[in-house]
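Text of target.txt (compact mmCIF, C-alpha atoms) as supplied:
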```txt
# COMPACT_ATOMS: atom_id res chain seq x y z
CA MET Q 1 66.84 49.33 61.94
CA TYR Q 2 70.19 50.66 60.71
CA TRP Q 3 71.31 54.27 61.05
CA HIS Q 4 74.45 56.07 59.99
CA ASP Q 5 76.61 58.02 62.42
CA GLN Q 6 78.07 60.80 60.23
CA ASN Q 7 80.86 61.66 62.70
CA ALA Q 8 82.15 58.16 63.37
CA GLU Q 9 81.40 56.73 59.92
CA LEU Q 10 79.83 53.69 61.57
CA ILE Q 11 76.73 51.76 60.69
CA ILE Q 12 74.99 50.79 63.92
CA PHE Q 13 72.33 48.10 64.27
CA GLU Q 14 69.41 48.87 66.54
CA PRO Q 15 67.12 45.86 67.22
CA PRO Q 16 63.57 46.40 65.98
CA GLN Q 17 61.10 47.39 68.65
CA SER Q 18 59.08 44.22 68.06
CA SER Q 19 61.96 42.13 69.45
CA THR Q 20 61.14 43.45 72.92
CA ILE Q 21 57.56 42.22 72.76
CA MET Q 22 57.05 39.37 75.23
CA THR Q 23 55.88 36.01 73.95
CA LYS Q 24 52.58 35.11 75.54
CA ILE Q 25 51.36 31.64 76.42
CA LYS Q 26 48.65 31.96 73.77
CA ASP Q 27 51.32 32.46 71.09
CA ILE Q 28 52.76 29.02 71.83
CA ILE Q 29 49.30 27.45 71.97
CA GLN Q 30 48.17 29.00 68.69
CA TYR Q 31 51.29 27.78 66.93
CA LEU Q 32 51.01 24.24 68.28
CA GLU Q 33 47.38 24.12 67.20
CA THR Q 34 48.27 25.02 63.61
CA PHE Q 35 50.45 21.89 63.66
CA ALA Q 36 48.00 19.65 65.54
CA PRO Q 37 44.47 21.16 65.32
CA PRO Q 38 42.30 20.46 68.40
CA SER Q 39 39.50 19.21 66.13
CA TYR Q 40 41.62 16.12 65.39
CA GLN Q 41 41.49 14.85 68.96
CA GLU Q 42 39.28 11.93 69.96
CA ASP Q 43 35.93 12.58 71.63
CA TYR Q 44 37.14 11.19 74.96
CA ASP Q 45 40.24 13.38 75.00
CA ASN Q 46 40.86 16.66 76.83
CA SER Q 47 43.64 18.32 74.87
CA GLY Q 48 44.13 22.08 75.06
CA LEU Q 49 44.75 24.59 77.85
CA ILE Q 50 43.68 22.81 81.02
CA ILE Q 51 44.88 25.25 83.67
CA GLY Q 52 46.05 28.85 83.48
CA ASN Q 53 45.62 32.17 81.70
CA GLN Q 54 46.77 32.11 78.09
CA LEU Q 55 47.18 35.90 78.09
CA ASN Q 56 50.07 35.75 80.59
CA ASP Q 57 53.57 36.52 79.37
CA LEU Q 58 55.64 33.36 78.99
CA THR Q 59 58.66 33.09 81.27
CA ALA Q 60 59.80 29.59 80.24
CA ALA Q 61 58.25 26.22 79.46
CA ILE Q 62 58.78 22.61 80.49
CA ILE Q 63 57.95 19.77 78.09
CA ALA Q 64 56.84 16.44 79.56
CA LEU Q 65 54.98 13.32 78.56
CA ASP Q 66 52.84 13.57 81.72
CA CYS Q 67 52.17 16.41 84.13
CA THR Q 68 52.61 15.32 87.76
CA GLU Q 69 53.20 17.08 91.06
CA GLU Q 70 56.94 16.54 90.61
CA VAL Q 71 56.84 18.23 87.21
CA VAL Q 72 55.02 21.23 88.71
CA ASP Q 73 57.70 21.38 91.43
CA GLU Q 74 60.31 21.36 88.70
CA ALA Q 75 58.52 24.21 86.91
CA ILE Q 76 58.50 26.25 90.11
CA LYS Q 77 62.23 25.64 90.63
CA LYS Q 78 63.11 26.58 87.04
CA LYS Q 79 60.74 29.58 87.02
CA CYS Q 80 58.60 28.14 84.21
CA ASN Q 81 54.98 29.24 84.01
CA LEU Q 82 53.94 26.79 81.28
CA ILE Q 83 53.99 22.98 81.22
CA ILE Q 84 53.36 21.36 77.84
CA ALA Q 85 52.39 17.73 78.33
CA HIS Q 86 51.33 15.03 75.90
CA HIS Q 87 48.81 13.43 78.27
CA PRO Q 88 46.13 15.63 79.87
CA ILE Q 89 46.29 15.68 83.68
CA ILE Q 90 42.49 16.04 83.72
CA PHE Q 91 40.44 13.76 81.47
CA ARG Q 92 37.09 14.16 83.19
CA GLY Q 93 35.46 17.01 85.05
CA LEU Q 94 36.50 17.65 88.65
CA LYS Q 95 33.67 18.45 91.07
CA LYS Q 96 35.97 19.20 94.01
CA LEU Q 97 39.55 20.33 94.55
CA THR Q 98 40.43 18.98 97.99
CA GLY Q 99 43.78 17.42 97.21
CA LYS Q 100 42.64 13.85 97.80
CA SER Q 101 44.10 12.58 94.51
CA TYR Q 102 47.31 13.22 92.58
CA ILE Q 103 45.21 14.93 89.88
CA GLU Q 104 43.70 17.39 92.34
CA ARG Q 105 47.04 18.02 94.07
CA THR Q 106 48.73 18.72 90.75
CA ALA Q 107 45.98 21.11 89.69
CA ILE Q 108 45.99 22.94 93.05
CA LYS Q 109 49.76 23.40 93.01
CA ALA Q 110 49.75 24.67 89.42
CA ILE Q 111 46.98 27.17 90.16
CA LYS Q 112 48.65 28.33 93.38
CA HIS Q 113 51.88 29.12 91.52
CA ASP Q 114 50.18 30.54 88.40
CA ILE Q 115 51.54 27.80 86.14
CA ALA Q 116 49.59 26.97 82.99
CA ILE Q 117 49.19 23.35 81.89
CA TYR Q 118 48.60 22.60 78.23
CA ALA Q 119 48.04 19.12 76.74
CA ILE Q 120 48.54 18.10 73.12
CA HIS Q 121 47.42 14.50 73.02
CA THR Q 122 45.43 12.57 70.37
CA ASN Q 123 45.45 15.56 68.02
CA LEU Q 124 49.26 15.22 67.96
CA ASP Q 125 48.87 11.45 67.52
CA HIS Q 126 46.69 11.93 64.45
CA VAL Q 127 48.72 14.29 62.26
CA ALA Q 128 51.00 12.93 59.55
CA LYS Q 129 54.11 14.50 61.11
CA GLY Q 130 53.12 13.73 64.69
CA VAL Q 131 53.87 11.11 67.33
CA ASN Q 132 53.82 8.09 65.02
CA LYS Q 133 55.97 9.72 62.35
CA GLN Q 134 58.54 10.41 65.07
CA ILE Q 135 58.65 6.70 65.95
CA ALA Q 136 58.77 5.68 62.28
CA ASP Q 137 61.72 8.01 61.71
CA LYS Q 138 63.57 6.60 64.72
CA LEU Q 139 63.11 3.08 63.35
CA GLY Q 140 64.21 4.18 59.89
CA LEU Q 141 61.00 3.27 58.05
CA VAL Q 142 60.83 4.26 54.40
CA GLN Q 143 57.86 6.29 53.10
CA PRO Q 144 55.65 5.80 56.16
CA LYS Q 145 51.95 6.58 55.80
CA ILE Q 146 48.91 6.77 58.08
CA LEU Q 147 47.70 3.28 59.01
CA ARG Q 148 44.03 4.19 59.49
CA PRO Q 149 43.18 7.53 57.84
CA LYS Q 150 40.32 9.56 59.28
CA THR Q 151 37.19 10.41 57.31
CA ASN Q 152 34.87 13.43 57.50
CA THR Q 153 37.69 15.91 58.14
CA LEU Q 154 37.56 17.64 54.72
CA GLN Q 155 35.25 20.19 53.10
CA GLN Q 156 34.84 21.42 49.55
CA LEU Q 157 34.25 25.05 48.65
CA THR Q 158 32.48 25.89 45.38
CA THR Q 159 32.35 29.51 44.30
CA TYR Q 160 32.00 31.65 41.17
CA ILE Q 161 34.67 34.18 40.20
CA PRO Q 162 35.00 36.52 37.20
CA ILE Q 163 37.54 34.95 34.86
CA GLU Q 164 39.93 37.90 35.09
CA ASN Q 165 39.97 37.66 38.92
CA THR Q 166 40.21 33.88 39.22
CA GLN Q 167 43.97 33.52 39.60
CA GLU Q 168 44.17 36.27 42.22
CA VAL Q 169 41.35 34.85 44.36
CA LEU Q 170 42.66 31.29 44.01
CA ALA Q 171 46.14 32.37 45.08
CA LYS Q 172 44.70 33.84 48.29
CA LEU Q 173 42.65 30.68 48.98
CA HIS Q 174 45.72 28.49 48.45
CA GLU Q 175 47.71 30.72 50.80
CA ALA Q 176 44.99 30.24 53.44
CA GLY Q 177 45.31 26.45 53.21
CA ALA Q 178 42.90 25.36 50.48
CA GLY Q 179 43.93 22.97 47.72
CA MET Q 180 46.32 20.70 49.62
CA ILE Q 181 45.95 17.04 48.62
CA GLY Q 182 48.70 14.79 49.98
CA ASN Q 183 52.01 15.81 48.44
CA TYR Q 184 50.30 18.23 46.04
CA GLN Q 185 49.36 21.85 46.66
CA ASN Q 186 47.43 24.56 44.79
CA CYS Q 187 44.90 21.94 43.65
CA SER Q 188 41.60 23.19 42.21
CA PHE Q 189 39.02 22.51 39.53
CA ARG Q 190 37.31 25.11 37.37
CA THR Q 191 34.75 25.29 34.59
CA ALA Q 192 33.81 28.40 32.62
CA GLY Q 193 30.27 29.67 32.36
CA THR Q 194 28.05 32.75 32.42
CA GLY Q 195 26.87 34.36 35.65
CA THR Q 196 23.82 36.61 35.69
CA PHE Q 197 22.51 39.07 38.27
CA LEU Q 198 20.29 42.12 38.67
CA PRO Q 199 21.60 44.67 41.22
CA SER Q 200 18.85 46.21 43.39
CA GLU Q 201 18.69 49.91 44.22
CA ASN Q 202 20.62 49.32 47.47
CA ALA Q 203 23.44 47.39 45.79
CA LYS Q 204 26.92 48.68 45.03
CA PRO Q 205 27.94 46.36 42.21
CA THR Q 206 31.59 45.95 41.24
CA ILE Q 207 30.45 45.03 37.75
CA GLY Q 208 27.25 46.26 36.09
CA ALA Q 209 24.70 48.88 37.09
CA VAL Q 210 21.71 49.14 39.43
CA GLY Q 211 18.49 47.98 37.80
CA LYS Q 212 20.21 46.39 34.81
CA ILE Q 213 20.64 42.65 34.23
CA GLU Q 214 24.32 41.84 33.90
CA GLU Q 215 26.04 38.83 32.35
CA VAL Q 216 29.62 38.02 33.37
CA ASN Q 217 32.06 35.37 32.16
CA GLU Q 218 32.89 33.47 35.32
CA ASN Q 219 34.76 30.37 36.50
CA ARG Q 220 33.07 27.88 38.76
CA VAL Q 221 35.95 27.05 41.13
CA GLU Q 222 36.17 24.09 43.52
CA VAL Q 223 38.83 23.57 46.21
CA ILE Q 224 39.22 21.10 49.08
CA PHE Q 225 40.45 22.09 52.54
CA PRO Q 226 40.64 20.71 56.12
CA ALA Q 227 37.33 21.42 57.82
CA TYR Q 228 38.98 23.18 60.79
CA LEU Q 229 40.08 25.96 58.38
CA LYS Q 230 36.48 26.81 57.42
CA SER Q 231 36.35 30.26 59.05
CA LYS Q 232 39.75 31.26 57.66
CA ILE Q 233 38.90 30.06 54.15
CA LEU Q 234 35.57 31.90 54.07
CA GLN Q 235 37.08 35.10 55.44
CA THR Q 236 39.78 34.93 52.78
CA LEU Q 237 37.17 34.33 50.06
CA PHE Q 238 35.11 37.35 51.12
CA GLU Q 239 38.18 39.60 51.31
CA ALA Q 240 39.71 38.50 48.00
CA HIS Q 241 36.54 38.20 45.88
CA PRO Q 242 35.64 41.32 43.86
CA TYR Q 243 31.86 40.97 44.30
CA GLU Q 244 29.84 42.71 46.98
CA GLU Q 245 27.84 39.51 47.50
CA VAL Q 246 29.80 36.28 47.04
CA ALA Q 247 27.98 33.18 45.81
CA PHE Q 248 29.38 29.99 47.34
CA TYR Q 249 28.45 26.74 48.99
CA LEU Q 250 30.20 24.13 51.11
CA HIS Q 251 30.11 20.33 51.07
CA ASP Q 252 31.19 18.02 53.87
CA LEU Q 253 33.32 15.24 52.39
CA ALA Q 254 33.36 11.66 53.63
CA ASN Q 255 36.66 11.04 51.83
CA GLN Q 256 39.60 9.59 53.72
CA ASN Q 257 42.14 12.21 54.69
CA ASN Q 258 45.49 10.49 54.24
CA GLU Q 259 47.22 13.25 56.22
CA VAL Q 260 45.20 12.60 59.39
CA GLY Q 261 44.57 9.38 61.28
CA SER Q 262 45.81 6.66 63.61
CA GLY Q 263 49.04 4.72 63.54
CA MET Q 264 51.61 4.47 60.75
CA ILE Q 265 53.00 1.83 58.43
CA GLY Q 266 56.18 1.71 56.36
CA ASP Q 267 59.00 -0.48 55.09
CA LEU Q 268 62.48 -1.12 56.40
CA PRO Q 269 65.26 -0.13 53.96
CA LYS Q 270 66.29 -3.80 53.98
CA PRO Q 271 64.48 -6.81 55.49
CA MET Q 272 65.85 -7.97 58.85
CA GLU Q 273 65.70 -11.29 60.64
CA SER Q 274 62.88 -11.16 63.17
CA GLU Q 275 65.16 -11.67 66.20
CA GLN Q 276 67.60 -9.12 64.83
CA PHE Q 277 64.79 -6.60 64.46
CA ILE Q 278 63.61 -7.21 68.02
CA HIS Q 279 67.12 -6.33 69.25
CA HIS Q 280 67.14 -3.31 66.95
CA LEU Q 281 63.78 -2.23 68.38
CA LYS Q 282 65.02 -2.56 71.97
CA LYS Q 283 68.11 -0.49 71.21
CA ILE Q 284 66.37 2.30 69.29
CA MET Q 285 63.49 2.61 71.75
CA ASN Q 286 65.76 2.14 74.77
CA VAL Q 287 63.61 -0.56 76.34
CA LYS Q 288 64.60 -3.44 78.60
CA VAL Q 289 61.65 -5.66 77.73
CA VAL Q 290 59.64 -6.34 74.59
CA ARG Q 291 56.55 -8.49 75.09
CA HIS Q 292 55.88 -10.19 71.77
CA THR Q 293 54.00 -13.04 70.15
CA ALA Q 294 55.63 -15.99 68.40
CA LEU Q 295 58.12 -14.96 65.72
CA VAL Q 296 56.01 -16.34 62.89
CA LYS Q 297 57.79 -14.17 60.33
CA ASN Q 298 61.36 -15.09 59.42
CA LYS Q 299 62.00 -11.65 57.96
CA ILE Q 300 60.64 -8.27 58.97
CA SER Q 301 60.09 -5.94 56.04
CA LYS Q 302 56.85 -4.01 56.59
CA VAL Q 303 56.27 -2.51 60.03
CA ALA Q 304 53.12 -0.97 61.50
CA LEU Q 305 53.13 1.02 64.73
CA CYS Q 306 51.09 3.17 67.06
CA GLY Q 307 52.33 5.22 69.99
CA GLY Q 308 50.48 4.57 73.24
CA SER Q 309 47.59 2.09 73.25
CA GLY Q 310 47.21 0.76 69.73
CA SER Q 311 45.60 -2.67 69.93
CA PHE Q 312 42.52 -1.30 68.11
CA LEU Q 313 44.68 -1.02 64.97
CA LEU Q 314 45.84 -4.64 64.86
CA SER Q 315 43.34 -5.60 62.15
CA ASP Q 316 44.50 -2.68 60.00
CA ALA Q 317 48.13 -3.76 60.35
CA ILE Q 318 47.24 -7.32 59.32
CA ALA Q 319 45.09 -6.17 56.39
CA GLN Q 320 47.92 -4.03 55.03
CA GLY Q 321 50.45 -6.84 55.19
CA ALA Q 322 52.61 -5.72 58.11
CA ASP Q 323 55.04 -8.30 59.43
CA MET Q 324 55.14 -6.69 62.87
CA PHE Q 325 52.92 -4.30 64.81
CA ILE Q 326 54.59 -2.21 67.51
CA SER Q 327 52.58 -0.49 70.22
CA GLY Q 328 51.82 -0.65 73.94
CA ASP Q 329 49.19 -1.73 76.46
CA PHE Q 330 48.22 -5.04 74.83
CA LYS Q 331 46.13 -7.20 77.15
CA TYR Q 332 46.78 -10.91 77.57
CA HIS Q 333 43.92 -12.14 75.38
CA GLU Q 334 44.66 -9.54 72.70
CA PHE Q 335 47.98 -11.24 71.94
CA PHE Q 336 45.98 -14.24 70.64
CA ASP Q 337 44.51 -11.97 67.96
CA ALA Q 338 47.83 -12.09 66.10
CA ASP Q 339 46.65 -15.58 65.10
CA GLY Q 340 49.92 -16.48 63.38
CA ARG Q 341 49.49 -13.73 60.79
CA ILE Q 342 51.65 -11.02 62.38
CA ILE Q 343 54.09 -10.43 65.24
CA ILE Q 344 52.84 -8.16 68.01
CA ALA Q 345 55.60 -6.26 69.83
CA ASP Q 346 54.47 -4.46 72.98
CA ILE Q 347 57.18 -2.05 74.12
CA GLY Q 348 55.09 -0.18 76.71
CA HIS Q 349 52.94 2.95 76.61
CA TYR Q 350 55.48 5.43 77.97
CA GLU Q 351 58.32 3.87 76.00
CA SER Q 352 56.48 4.11 72.69
CA GLU Q 353 55.76 7.82 73.20
CA GLN Q 354 59.02 8.92 74.82
CA PHE Q 355 60.19 10.85 71.73
CA THR Q 356 57.06 13.00 71.76
CA LYS Q 357 58.89 15.47 74.01
CA GLU Q 358 61.54 15.87 71.33
CA LEU Q 359 58.84 16.37 68.68
CA ILE Q 360 57.17 19.17 70.67
CA TYR Q 361 60.51 20.81 71.44
CA ASN Q 362 61.62 20.81 67.79
CA ASN Q 363 58.37 22.33 66.59
CA ILE Q 364 58.38 25.14 69.13
CA SER Q 365 62.09 25.96 68.86
CA GLU Q 366 61.87 26.31 65.07
CA LYS Q 367 59.28 29.06 65.47
CA PHE Q 368 60.31 30.66 68.78
CA ALA Q 369 64.08 30.89 69.01
CA ASN Q 370 64.04 33.38 71.88
CA ILE Q 371 62.19 31.44 74.59
CA ALA Q 372 63.54 29.06 77.23
CA LEU Q 373 62.41 25.46 76.71
CA HIS Q 374 63.28 22.63 79.09
CA PHE Q 375 62.79 18.89 78.91
CA THR Q 376 61.51 17.64 82.22
CA GLY Q 377 64.10 15.86 84.33
CA VAL Q 378 61.33 13.84 86.00
CA ASN Q 379 60.73 10.27 84.88
CA THR Q 380 56.93 10.22 84.75
CA ASN Q 381 56.66 6.57 83.74
CA PRO Q 382 54.57 4.94 86.50
CA ILE Q 383 55.82 1.47 85.53
CA PHE Q 384 59.13 0.04 86.77
CA TYR Q 385 60.83 -3.21 85.80
CA ALA Q 386 62.60 -5.33 88.39
```
Would you give me this structure, written as C-alpha cells?
Amino acid sequence: MYWHDQNAELIIFEPPQSSTIMTKIKDIIQYLETFAPPSYQEDYDNSGLIIGNQLNDLTAAIIALDCTEEVVDEAIKKKCNLIIAHHPIIFRGLKKLTGKSYIERTAIKAIKHDIAIYAIHTNLDHVAKGVNKQIADKLGLVQPKILRPKTNTLQQLTTYIPIENTQEVLAKLHEAGAGMIGNYQNCSFRTAGTGTFLPSENAKPTIGAVGKIEEVNENRVEVIFPAYLKSKILQTLFEAHPYEEVAFYLHDLANQNNEVGSGMIGDLPKPMESEQFIHHLKKIMNVKVVRHTALVKNKISKVALCGGSGSFLLSDAIAQGADMFISGDFKYHEFFDADGRIIIADIGHYESEQFTKELIYNNISEKFANIALHFTGVNTNPIFYA
C-alpha cells in the first residue's frame, strides 16, 4: 500500500502483507496440476507427490528428469526441500525400506532430510503444450498437433437457465473452463423453450410462488469441458444459477480430445534432405548417436515425434504421412516395422526428454517469481556412449 508522509512530502511504498506469506509445496503442485492434470496420466504411471508433506513451506526446488540419490544429495547441499522430477522414483508399491535398492535408498534419504519428491510424468507428456510440444518447438515444426488424441476425456453439461440470466451464468461457466474447443473458447449451444415447476411448501423459489404452477422462458444450454473439471464446473453452476434447485445432467463423451494425447506431428518450414535433417536433429538435440532405419525418403517434410518410449505410435506416424518418426527405446525388431514407408530415428530416451526440465522451470517461474528454482547439476542418464 502507499501512504503519504505529510512532513516529508514523500510517497512511500509498503509491500502488501500477502507478499510475506510463504509459498507452500502444495501451491507448486496445484499449479502444475492445472497445467498437466493427474487424470491424464497412464494407468501404469505414478505421477504426483510421492514423498513428503505438501503443507510444508517451500525453501527451494530442484528440477530433474530423474530423482536419484545424487539428486537428493544435491537438494540437501542447496537447501531445497522439493525435487520435481519427470520420471517417478517409485512406480510400484514398496513393501520394505531396507536400502537394498537405489529406489529404497533414494526414498530413505529424502524422508530422513524432509525432502518432498513430486513426479509429473505421462500427464505432462499428454498435454498439448507439454513434453512433445517442447521437442517440436526445438526442431522448428510448424503447427504441430497431437499425433494420437485421447478419447473419453470430455463431458457435456446440459442445463436450463432463465433467458435473462443466461449470459451471466454462461460467463461464469466459461471462466471455470467450460466451452473450450481447440483454438476456440466460450463455445456453447442453446435453444429456447418453456420451463414449468410447482414449488412445494418448503421451497423458496426465486421465481414464482409456493403452491402455484409457474412457467418460465428458459434456454437449454449445452457446454463441453474436460472431465477433470467436473467438480469445479458443477460448483460454479450451482453458485451462478438463480434457481434454488438446478436442473442439469452430464454426458460422458467418446469424442477425441485434440488437446490431449500421445506424440506430436508437424511440418518443417522447408523440406530438408534426409541426411541434412539427421545432422540437424543431432545438433538440436545434442546427441552423439542417432540410430535410424534406411533413409528411404529423399526429403523430410513432415515429422512425427514422441518423447521417451514411442514405438507404439509408429503406425500413427505412418498413417498420417510422416517422413520421419523421432523417439527413443526402439528394439531391434521394431526397426523392421518401418517397412520402407518411414524413417525411424531413435535418439535415446533421456535425450528425447532432456528439455522437459526447461518446460517445468518456465511454467513455474511464470507463476512464482519469488521462489528459488534450480536445474539439477547431476547427469541422471544411466546410458553412456564410448
What is the CA of Leu97 (chain Q) to CA of Ala110 (chain Q) distance in Å? 12.2 Å
Work out how far CA of Ile364 (chain Q) is from CA of Leu173 (chain Q), in Å to one decimal.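 Interatomic distance here is 26.2 Å.
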Pull the closest atom pair for each residue of region 219-310 of chain Q that gets at most 10 Å from region 20-37 of chain Q, along with the distance in Å to one decimal, counting all atoms listed in the file, ordering rows by chain and then ascending residue number, as a Markdown table.
```
| residue | atom | partner | partner_atom | distance |
| --- | --- | --- | --- | --- |
| Q:Pro226 | CA | Q:Pro37 | CA | 10.0 |
| Q:Tyr228 | CA | Q:Pro37 | CA | 7.4 |
| Q:Leu229 | CA | Q:Pro37 | CA | 9.5 |
| Q:Val260 | CA | Q:Ala36 | CA | 9.8 |
```
Report the distance between CA of Gln41 (chain Q) and CA of Gly179 (chain Q) in Å, rounded to one decimal place.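 CA of Gly179 (chain Q) lies 22.9 Å from CA of Gln41 (chain Q).
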For region 57-68 of chain Q, list every protein, DNA or RNA residue within 7 Å, evaluated using all atoms listed in the file, and leave out those in the same chain fewer than 6 positions away; present the list as number ranges by chain. Q: 22-25, 75, 79-87, 89, 106, 357, 371-376, 380
I'd like the neighbourhood of Met272 (chain Q) as a PDB file with C-alpha atoms, in the coordinates of the input, where a residue qualifies if any of its atoms comes within 9 Å (using all atoms listed in the file), though same-chain residues fewer than 6 positions away should be ignored.
```pdb
ATOM      1  CA  ASN Q 298      61.360 -15.090  59.420  1.00  0.00           C
ATOM      2  CA  LYS Q 299      62.000 -11.650  57.960  1.00  0.00           C
ATOM      3  CA  ILE Q 300      60.640  -8.270  58.970  1.00  0.00           C
ATOM      4  CA  SER Q 301      60.090  -5.940  56.040  1.00  0.00           C
TER       5      SER Q 301
END
```
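In terms of minimum interatomic distance to Pro205 (chain Q), Q:Val246 ranks closest within Q:Val246, Q:Ile344, Q:Ile326, Q:Ile360, counting all atoms listed in the file.
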Find the spatial neighbours of Gly193 (chain Q), counting all atoms listed in the file, within a cut-off of 7 Å - ignore same-chain residues fewer than 3 positions away - and output them as a PyMOL selection string. chain Q and resi 217-219
As a VMD selection string, please: the residues near Ala254 (chain Q) (cut-off 9 Å, all atoms listed in the file, same-chain neighbours under 5 positions excluded). chain Q and resid 151 to 155
Among the residues Q:Val378, Q:Leu237, Q:Leu314, Q:Leu49, the one that comes closest to Val169 (chain Q) [using all atoms listed in the file]: Q:Leu237
Contacts of Asn286 (chain Q) at 10 Å or less, counting all atoms listed in the file, minus same-chain residues fewer than 3 places along, as number ranges by chain? Q: 280-283, 289, 347, 351-352, 354
Selection to disk with C-alpha atoms, as a JSON list (two decimals), keeping the file's coordinate frame:
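out04.json, freshly written:
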```json
[["chain", "number", "residue", "atom", "x", "y", "z"],
["Q", 280, "HIS", "CA", 67.14, -3.31, 66.95],
["Q", 281, "LEU", "CA", 63.78, -2.23, 68.38],
["Q", 282, "LYS", "CA", 65.02, -2.56, 71.97],
["Q", 283, "LYS", "CA", 68.11, -0.49, 71.21],
["Q", 289, "VAL", "CA", 61.65, -5.66, 77.73],
["Q", 347, "ILE", "CA", 57.18, -2.05, 74.12],
["Q", 351, "GLU", "CA", 58.32, 3.87, 76.00],
["Q", 352, "SER", "CA", 56.48, 4.11, 72.69],
["Q", 354, "GLN", "CA", 59.02, 8.92, 74.82]]
```
Which of Q:Ala171, Q:Val287, Q:Leu157, Q:Ala319 sits closest to Leu234 (chain Q) [using only C-alpha atoms]: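 Closest candidate: Q:Leu157.
Of the residues listed (Q:Leu253, Q:Val290, Q:Val210, Q:Ala240), Q:Leu253 shows the shortest atom-to-atom separation from Ile224 (chain Q); distances use all atoms listed in the file.
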Could you tell me which of Q:Ala304, Q:Ile111, Q:Ile117, Q:Ala345 comes closest to Phe330 (chain Q) if we count only C-alpha atoms?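 Nearest to Phe330 (chain Q): Q:Ala345.
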